[in-house]
$ cat start.cif   # mmCIF, C-alpha atoms and all ligand atoms
data_entry
loop_
_atom_site.label_atom_id
_atom_site.label_comp_id
_atom_site.auth_asym_id
_atom_site.auth_seq_id
_atom_site.Cartn_x
_atom_site.Cartn_y
_atom_site.Cartn_z
CA MET A 1 62.86 187.61 71.87
CA LYS A 2 63.21 191.03 73.48
CA LEU A 3 63.21 191.43 77.24
CA TYR A 4 62.49 194.60 79.18
CA PHE A 5 64.74 195.32 82.15
CA LYS A 6 64.49 199.10 82.45
CA ILE A 7 61.90 199.45 85.17
CA PRO A 8 60.11 196.81 87.31
CA GLY A 9 56.80 197.52 85.61
CA ASP A 10 58.22 196.36 82.29
CA PHE A 11 58.95 192.96 83.71
CA ILE A 12 55.40 191.74 83.40
CA ARG A 13 55.01 192.87 79.85
CA LYS A 14 54.01 190.57 77.03
CA PRO A 15 57.45 189.10 76.08
CA VAL A 16 57.97 187.90 79.64
CA ILE A 17 54.48 186.41 79.92
CA LEU A 18 54.71 184.76 76.52
CA CYS A 19 58.22 183.33 76.83
CA ILE A 20 59.45 182.92 80.40
CA LEU A 21 56.25 181.86 82.17
CA PRO A 22 55.54 178.96 79.76
CA MET A 23 59.17 177.84 80.21
CA ILE A 24 58.79 177.84 84.01
CA LEU A 25 55.48 175.97 83.76
CA PHE A 26 57.01 173.42 81.36
CA PHE A 27 59.92 172.86 83.76
CA ILE A 28 57.59 172.32 86.74
CA LEU A 29 55.27 169.96 84.81
CA THR A 30 58.14 167.83 83.50
CA GLN A 31 59.44 167.35 87.04
CA ILE A 32 56.16 166.13 88.55
CA PRO A 33 56.06 162.55 87.11
CA TYR A 34 59.55 161.77 88.34
CA GLY A 35 59.15 162.79 91.97
CA SER A 36 62.78 162.57 93.00
CA TYR A 37 66.13 162.58 91.29
CA GLY A 38 66.48 158.85 91.94
CA THR A 39 63.35 157.84 90.07
CA ARG A 40 64.26 160.20 87.28
CA ILE A 41 67.47 158.21 86.82
CA GLN A 42 65.55 154.94 86.76
CA SER A 43 63.17 156.38 84.22
CA SER A 44 65.98 157.53 81.95
CA LEU A 45 67.57 154.10 82.22
CA LYS A 46 64.36 152.32 81.32
CA SER A 47 63.79 154.49 78.30
CA ALA A 48 67.25 153.68 76.95
CA PRO A 49 68.28 150.40 78.56
CA PHE A 50 71.13 149.66 76.18
CA GLN A 51 72.79 153.05 76.01
CA PRO A 52 76.36 153.07 77.29
CA LEU A 53 76.21 154.64 80.72
CA THR A 54 77.86 155.13 84.03
CA VAL A 55 76.12 154.62 87.35
CA THR A 56 77.53 155.38 90.75
CA GLY A 57 76.19 154.71 94.22
CA SER A 58 75.36 158.38 94.61
CA GLY A 59 72.95 158.17 91.69
CA PHE A 60 75.04 159.99 89.09
CA VAL A 61 74.41 158.84 85.53
CA ARG A 62 76.25 159.86 82.40
CA ASN A 63 76.77 158.47 78.92
CA LYS A 64 80.15 157.06 78.06
CA ASN A 65 81.25 155.43 74.87
CA GLY A 66 83.14 152.20 75.20
CA LYS A 67 82.77 148.46 75.22
CA ALA A 68 80.70 146.42 77.65
CA ILE A 69 82.92 146.80 80.66
CA LEU A 70 81.73 146.48 84.21
CA MET A 71 83.88 148.27 86.72
CA CYS A 72 82.98 148.31 90.35
CA GLN A 73 84.41 149.76 93.48
CA SER A 74 83.76 148.42 96.94
CA GLY A 75 85.71 150.16 99.67
CA SER A 76 89.26 150.15 98.37
CA ALA A 77 88.74 147.09 96.15
CA ARG A 78 88.31 147.64 92.43
CA LYS A 79 87.03 145.18 89.88
CA LYS A 80 87.07 145.31 86.14
CA ILE A 81 84.89 142.71 84.47
CA LYS A 82 83.94 142.36 80.84
CA ILE A 83 80.59 141.07 79.70
CA ASP A 84 81.23 138.63 76.89
CA LYS A 85 78.56 138.77 74.17
CA SER A 86 80.01 136.07 71.93
CA ARG A 87 77.68 133.32 73.20
CA MET A 88 74.32 135.02 72.90
CA ARG A 89 71.11 133.30 71.83
CA ASP A 90 69.88 133.92 68.30
CA LEU A 91 67.16 136.49 69.08
CA LYS A 92 65.37 136.05 65.76
CA ALA A 93 64.59 132.43 66.66
CA TRP A 94 64.17 133.11 70.39
CA LYS A 95 61.63 135.93 70.40
CA PRO A 96 58.61 134.28 68.71
CA GLN A 97 59.08 131.15 70.84
CA ILE A 98 59.30 133.04 74.12
CA VAL A 99 56.21 135.07 73.14
CA ALA A 100 54.27 131.80 72.75
CA TYR A 101 55.73 130.50 76.02
CA SER A 102 54.68 133.71 77.83
CA ARG A 103 51.18 133.39 76.39
CA ARG A 104 50.84 129.81 77.67
CA HIS A 105 52.42 130.26 81.09
CA TYR A 106 51.63 133.90 82.01
CA MET A 107 48.81 134.84 79.61
CA GLN A 108 51.03 137.65 78.35
CA ASN A 109 51.58 138.01 74.64
CA THR A 110 55.08 139.47 74.70
CA SER A 111 58.81 138.76 74.77
CA VAL A 112 59.56 142.05 76.52
CA LEU A 113 60.97 141.94 80.02
CA ASN A 114 60.77 144.82 82.49
CA PRO A 115 62.95 143.28 85.22
CA ARG A 116 61.46 143.40 88.72
CA VAL A 117 63.37 140.55 90.39
CA ILE A 118 66.72 138.79 90.00
CA VAL A 119 66.99 135.01 90.40
CA LEU A 120 70.28 133.22 91.11
CA HIS A 121 71.14 129.65 90.07
CA TYR A 122 73.95 127.19 89.69
CA THR A 123 74.30 125.34 86.41
CA ALA A 124 74.61 121.79 87.85
CA MET A 125 77.55 121.16 85.52
CA SER A 126 81.24 121.96 85.68
CA GLY A 127 81.81 123.34 82.16
CA PHE A 128 80.11 126.11 80.20
CA PRO A 129 76.36 125.34 79.92
CA TRP A 130 76.03 125.26 76.12
CA ASN A 131 72.46 123.99 76.49
CA LEU A 132 71.51 127.55 77.53
CA VAL A 133 72.72 128.81 74.15
CA ASN A 134 71.75 125.94 71.83
CA SER A 135 68.87 123.87 73.23
CA LYS A 136 65.68 123.98 71.17
CA ARG A 137 63.16 122.46 73.61
CA SER A 138 62.75 121.59 77.26
CA ALA A 139 60.07 119.54 79.04
CA GLY A 140 58.28 119.00 75.73
CA GLU A 141 57.92 122.62 74.63
CA THR A 142 59.84 125.44 72.94
CA PRO A 143 62.02 127.38 73.46
CA GLY A 144 65.01 125.65 75.09
CA LEU A 145 66.33 126.74 78.45
CA ALA A 146 68.21 130.04 78.65
CA SER A 147 69.16 132.51 81.36
CA HIS A 148 70.35 136.09 80.90
CA TYR A 149 73.87 135.63 82.28
CA VAL A 150 76.37 132.85 82.97
CA ILE A 151 79.23 133.48 85.42
CA ASP A 152 82.41 131.45 85.91
CA GLY A 153 85.21 132.96 87.99
CA GLU A 154 85.61 136.56 86.85
CA LYS A 155 83.99 135.87 83.50
CA ILE A 156 80.44 136.95 82.62
CA TRP A 157 78.65 135.86 79.44
CA ARG A 158 75.45 137.50 78.28
CA ILE A 159 73.05 134.94 76.79
CA LEU A 160 70.04 137.23 76.39
CA PRO A 161 69.56 141.02 76.68
CA ASP A 162 67.97 142.29 79.91
CA ASN A 163 64.83 143.45 78.07
CA VAL A 164 64.02 140.01 76.61
CA ARG A 165 62.38 137.24 78.65
CA SER A 166 64.45 134.15 79.41
CA ARG A 167 63.43 130.61 80.23
CA GLY A 168 65.61 130.15 83.28
CA CYS A 169 63.22 129.83 86.21
CA TYR A 170 59.81 128.20 86.04
CA GLY A 171 57.15 130.47 87.57
CA ILE A 172 58.88 133.84 87.34
CA ASN A 173 60.36 134.30 83.85
CA HIS A 174 57.83 137.09 83.15
CA VAL A 175 59.58 139.46 85.61
CA ALA A 176 63.03 137.94 86.30
CA ILE A 177 66.59 138.39 85.20
CA ASN A 178 68.15 134.94 85.60
CA ILE A 179 71.82 134.51 86.47
CA GLU A 180 73.61 131.15 86.39
CA MET A 181 76.84 130.43 88.27
CA VAL A 182 78.88 127.54 86.85
CA ALA A 183 79.03 124.86 89.57
CA LEU A 184 78.06 121.23 89.98
CA ASN A 185 76.06 121.74 93.17
CA ALA A 186 75.78 123.94 96.28
CA ASN A 187 78.95 122.52 97.88
CA HIS A 188 80.95 123.02 94.71
CA LEU A 189 79.74 126.61 94.41
CA GLN A 190 80.64 127.29 98.03
CA LYS A 191 84.28 126.72 97.06
CA LYS A 192 84.04 128.99 94.01
CA LYS A 193 84.42 132.29 95.88
CA LYS A 194 85.46 134.26 92.77
CA THR A 195 82.32 133.17 90.91
CA MET A 196 80.11 134.28 93.82
CA LYS A 197 81.97 137.60 94.10
CA THR A 198 81.53 138.31 90.37
CA CYS A 199 77.86 137.41 90.79
CA ALA A 200 77.53 139.91 93.67
CA TYR A 201 78.99 142.68 91.49
CA LEU A 202 76.72 141.84 88.58
CA VAL A 203 73.62 141.70 90.81
CA LYS A 204 74.50 145.03 92.43
CA TYR A 205 74.92 146.55 89.00
CA LEU A 206 71.53 145.24 87.82
CA MET A 207 69.85 146.38 91.07
CA ASN A 208 71.15 149.91 90.44
CA ARG A 209 70.20 149.85 86.81
CA TYR A 210 66.61 148.67 87.21
CA GLY A 211 65.82 149.90 90.73
CA ILE A 212 65.50 146.38 92.18
CA PRO A 213 65.85 146.11 96.00
CA LEU A 214 67.93 143.37 97.64
CA SER A 215 64.71 141.82 98.98
CA LYS A 216 63.82 141.01 95.35
CA VAL A 217 66.97 139.00 94.75
CA TYR A 218 65.73 135.39 94.98
CA SER A 219 67.25 131.94 94.77
CA HIS A 220 65.69 129.43 92.38
CA GLN A 221 64.82 127.58 95.58
CA ASP A 222 62.74 130.59 96.80
CA VAL A 223 60.78 130.59 93.55
CA ALA A 224 60.28 126.79 93.46
CA TYR A 225 57.98 126.93 96.51
CA MET A 226 55.53 128.72 94.17
CA ASP A 227 54.25 130.49 97.28
CA ARG A 228 52.98 134.04 96.77
CA LYS A 229 53.60 134.87 100.42
CA ARG A 230 57.27 134.11 99.92
CA THR A 231 57.71 135.38 96.36
CA PRO A 232 54.66 137.49 95.43
CA GLU A 233 55.56 137.52 91.72
CA VAL A 234 55.27 133.75 91.12
CA LEU A 235 52.71 132.76 88.51
CA ASP A 236 52.02 129.91 86.12
CA TYR A 237 48.83 129.03 84.27
CA VAL A 238 50.04 125.62 83.06
CA ASN A 239 51.12 124.21 86.41
CA GLY A 240 51.43 126.35 89.54
CA SER A 241 52.44 123.49 91.85
CA PRO A 242 55.60 123.75 93.95
CA TYR A 243 58.67 121.87 92.78
CA GLY A 244 61.69 121.02 94.93
CA LYS A 245 65.07 122.71 94.35
CA VAL A 246 68.35 123.38 96.14
CA ASP A 247 69.63 126.11 93.89
CA PRO A 248 72.12 127.74 94.38
CA GLY A 249 72.18 126.77 98.11
CA GLU A 250 71.00 128.80 101.12
CA LYS A 251 74.53 129.40 102.44
CA ASN A 252 75.67 130.65 99.06
CA MET A 253 72.69 133.02 98.82
CA ARG A 254 73.45 134.46 102.25
CA HIS A 255 77.11 134.89 101.29
CA ILE A 256 76.30 136.71 98.03
CA LYS A 257 73.66 138.95 99.65
CA LEU A 258 76.07 139.93 102.43
CA MET A 259 78.68 140.95 99.85
CA ILE A 260 76.08 143.07 98.06
CA LYS A 261 75.07 144.75 101.32
CA LYS A 262 78.67 145.73 101.93
CA MET A 263 79.10 147.40 98.51
CA LYS A 264 78.61 151.04 99.38
CA ASN A 265 80.78 152.95 96.93
CA PHE A 266 79.89 151.54 93.59
CA ASN A 267 80.76 152.46 90.04
CA VAL A 268 79.76 150.77 86.82
CA TYR A 269 80.97 151.48 83.33
CA GLU A 270 79.33 149.78 80.43
ZN ZN A 301 67.99 127.06 88.69
#
$ encode --input "start.cif" --output "structure tokens"
Amino acid sequence: MKLYFKIPGDFIRKPVILCILPMILFFILTQIPYGSYGTRIQSSLKSAPFQPLTVTGSGFVRNKNGKAILMCQSGSARKKIKIDKSRMRDLKAWKPQIVAYSRRHYMQNTSVLNPRVIVLHYTAMSGFPWNLVNSKRSAGETPGLASHYVIDGEKIWRILPDNVRSRGCYGINHVAINIEMVALNANHLQKKKKTMKTCAYLVKYLMNRYGIPLSKVYSHQDVAYMDRKRTPEVLDYVNGSPYGKVDPGEKNMRHIKLMIKKMKNFNVYE
């Protein structure tokens, strides 16, 4: 490519028209679909959801090689949490079963999840919920129950990847990332402050990653009303009736959401 800089008249000659103008047009056109820098980040995250990356509260994203490490900063407090992948579901067996489940319950023939909401639960048991990893059936149909994450203290286990549907919350599995906190009941969880804090960090991280607002962080109890005014995403073609739940407790939800609200400076390394 040869450019002409001698006199202003030369500037509009063929090489400039053929090379620079198309480049400018290409740049402008590629910016239009993204609108703002923020949505551009979301878009890049969605296109490569499992690339190692770094997200900060200011919206800065960069690739970083390393293990699955979550590192957050809230005010002066720093947290370093690993996501343990040693107890994941066997995806080969899971995927065809969750496709069939999605077809029956949501009339959607897919296992793919594009997360739009996050639902919080307690496990209703005191030890690790192995049923979420191993169970084959629940309520007379396949697959077994499984959420995306299990949290106990500062420990986080990934059971399913974020882009695969779970069976953790009847009525919303087609759009939800499900997170379980290990606790017997709402009162037990209320005493497990570390577990709730880890949950707040994980939720904040997922909100950043998938562009989910705090108003779309639900309790299982919220979903169980099966009321579209309360949770517009709820849907089920097999049985859309409400079902009662105290999960993970209203006080606990308020506590976790308040912690998330307070997290202003936030860094994640995965
Ligand atoms: Zn639940």
$ closest_residue --input "start.cif" --among "A:Thr123, A:Asn134, A:Asn173, A:Gln190" --to "ligand ZN 301 (chain A)" --atoms "all atoms listed in the file"
A:Thr123
$ closest_atom_pairs --input "start.cif" --of "chain A" --to "ligand ZN 301 (chain A)" --cutoff "6 Å" --atoms "all atoms listed in the file" --output "Markdown table"
| residue | atom | partner | partner_atom | distance |
| --- | --- | --- | --- | --- |
| A:His121 | CA | A:ZN301 | ZN | 4.3 |
| A:His220 | CA | A:ZN301 | ZN | 5.0 |
| A:Asp247 | CA | A:ZN301 | ZN | 5.5 |
$ residues_near_point --input "start.cif" --point "(64.9, 139.3, 92.3)" --cutoff "9 Å" --atoms "only C-alpha atoms" --output "list in words"
Pro115, Arg116, Val117, Ile118, Val119, Leu120, Val175, Ala176, Ile177, Asn178, Met207, Ile212, Pro213, Leu214, Ser215, Lys216, Val217, Tyr218 and Ser219 of chain A
$ closest_residue --input "start.cif" --among "A:Arg167, A:Lys85, A:Gly240, A:Asn185" --to "A:Ser138" --atoms "all atoms listed in the file"
A:Arg167
$ closest_residue --input "start.cif" --among "A:Ile172, A:Val246, A:Lys191, A:Met196" --to "A:Thr231" --atoms "only C-alpha atoms"
A:Ile172
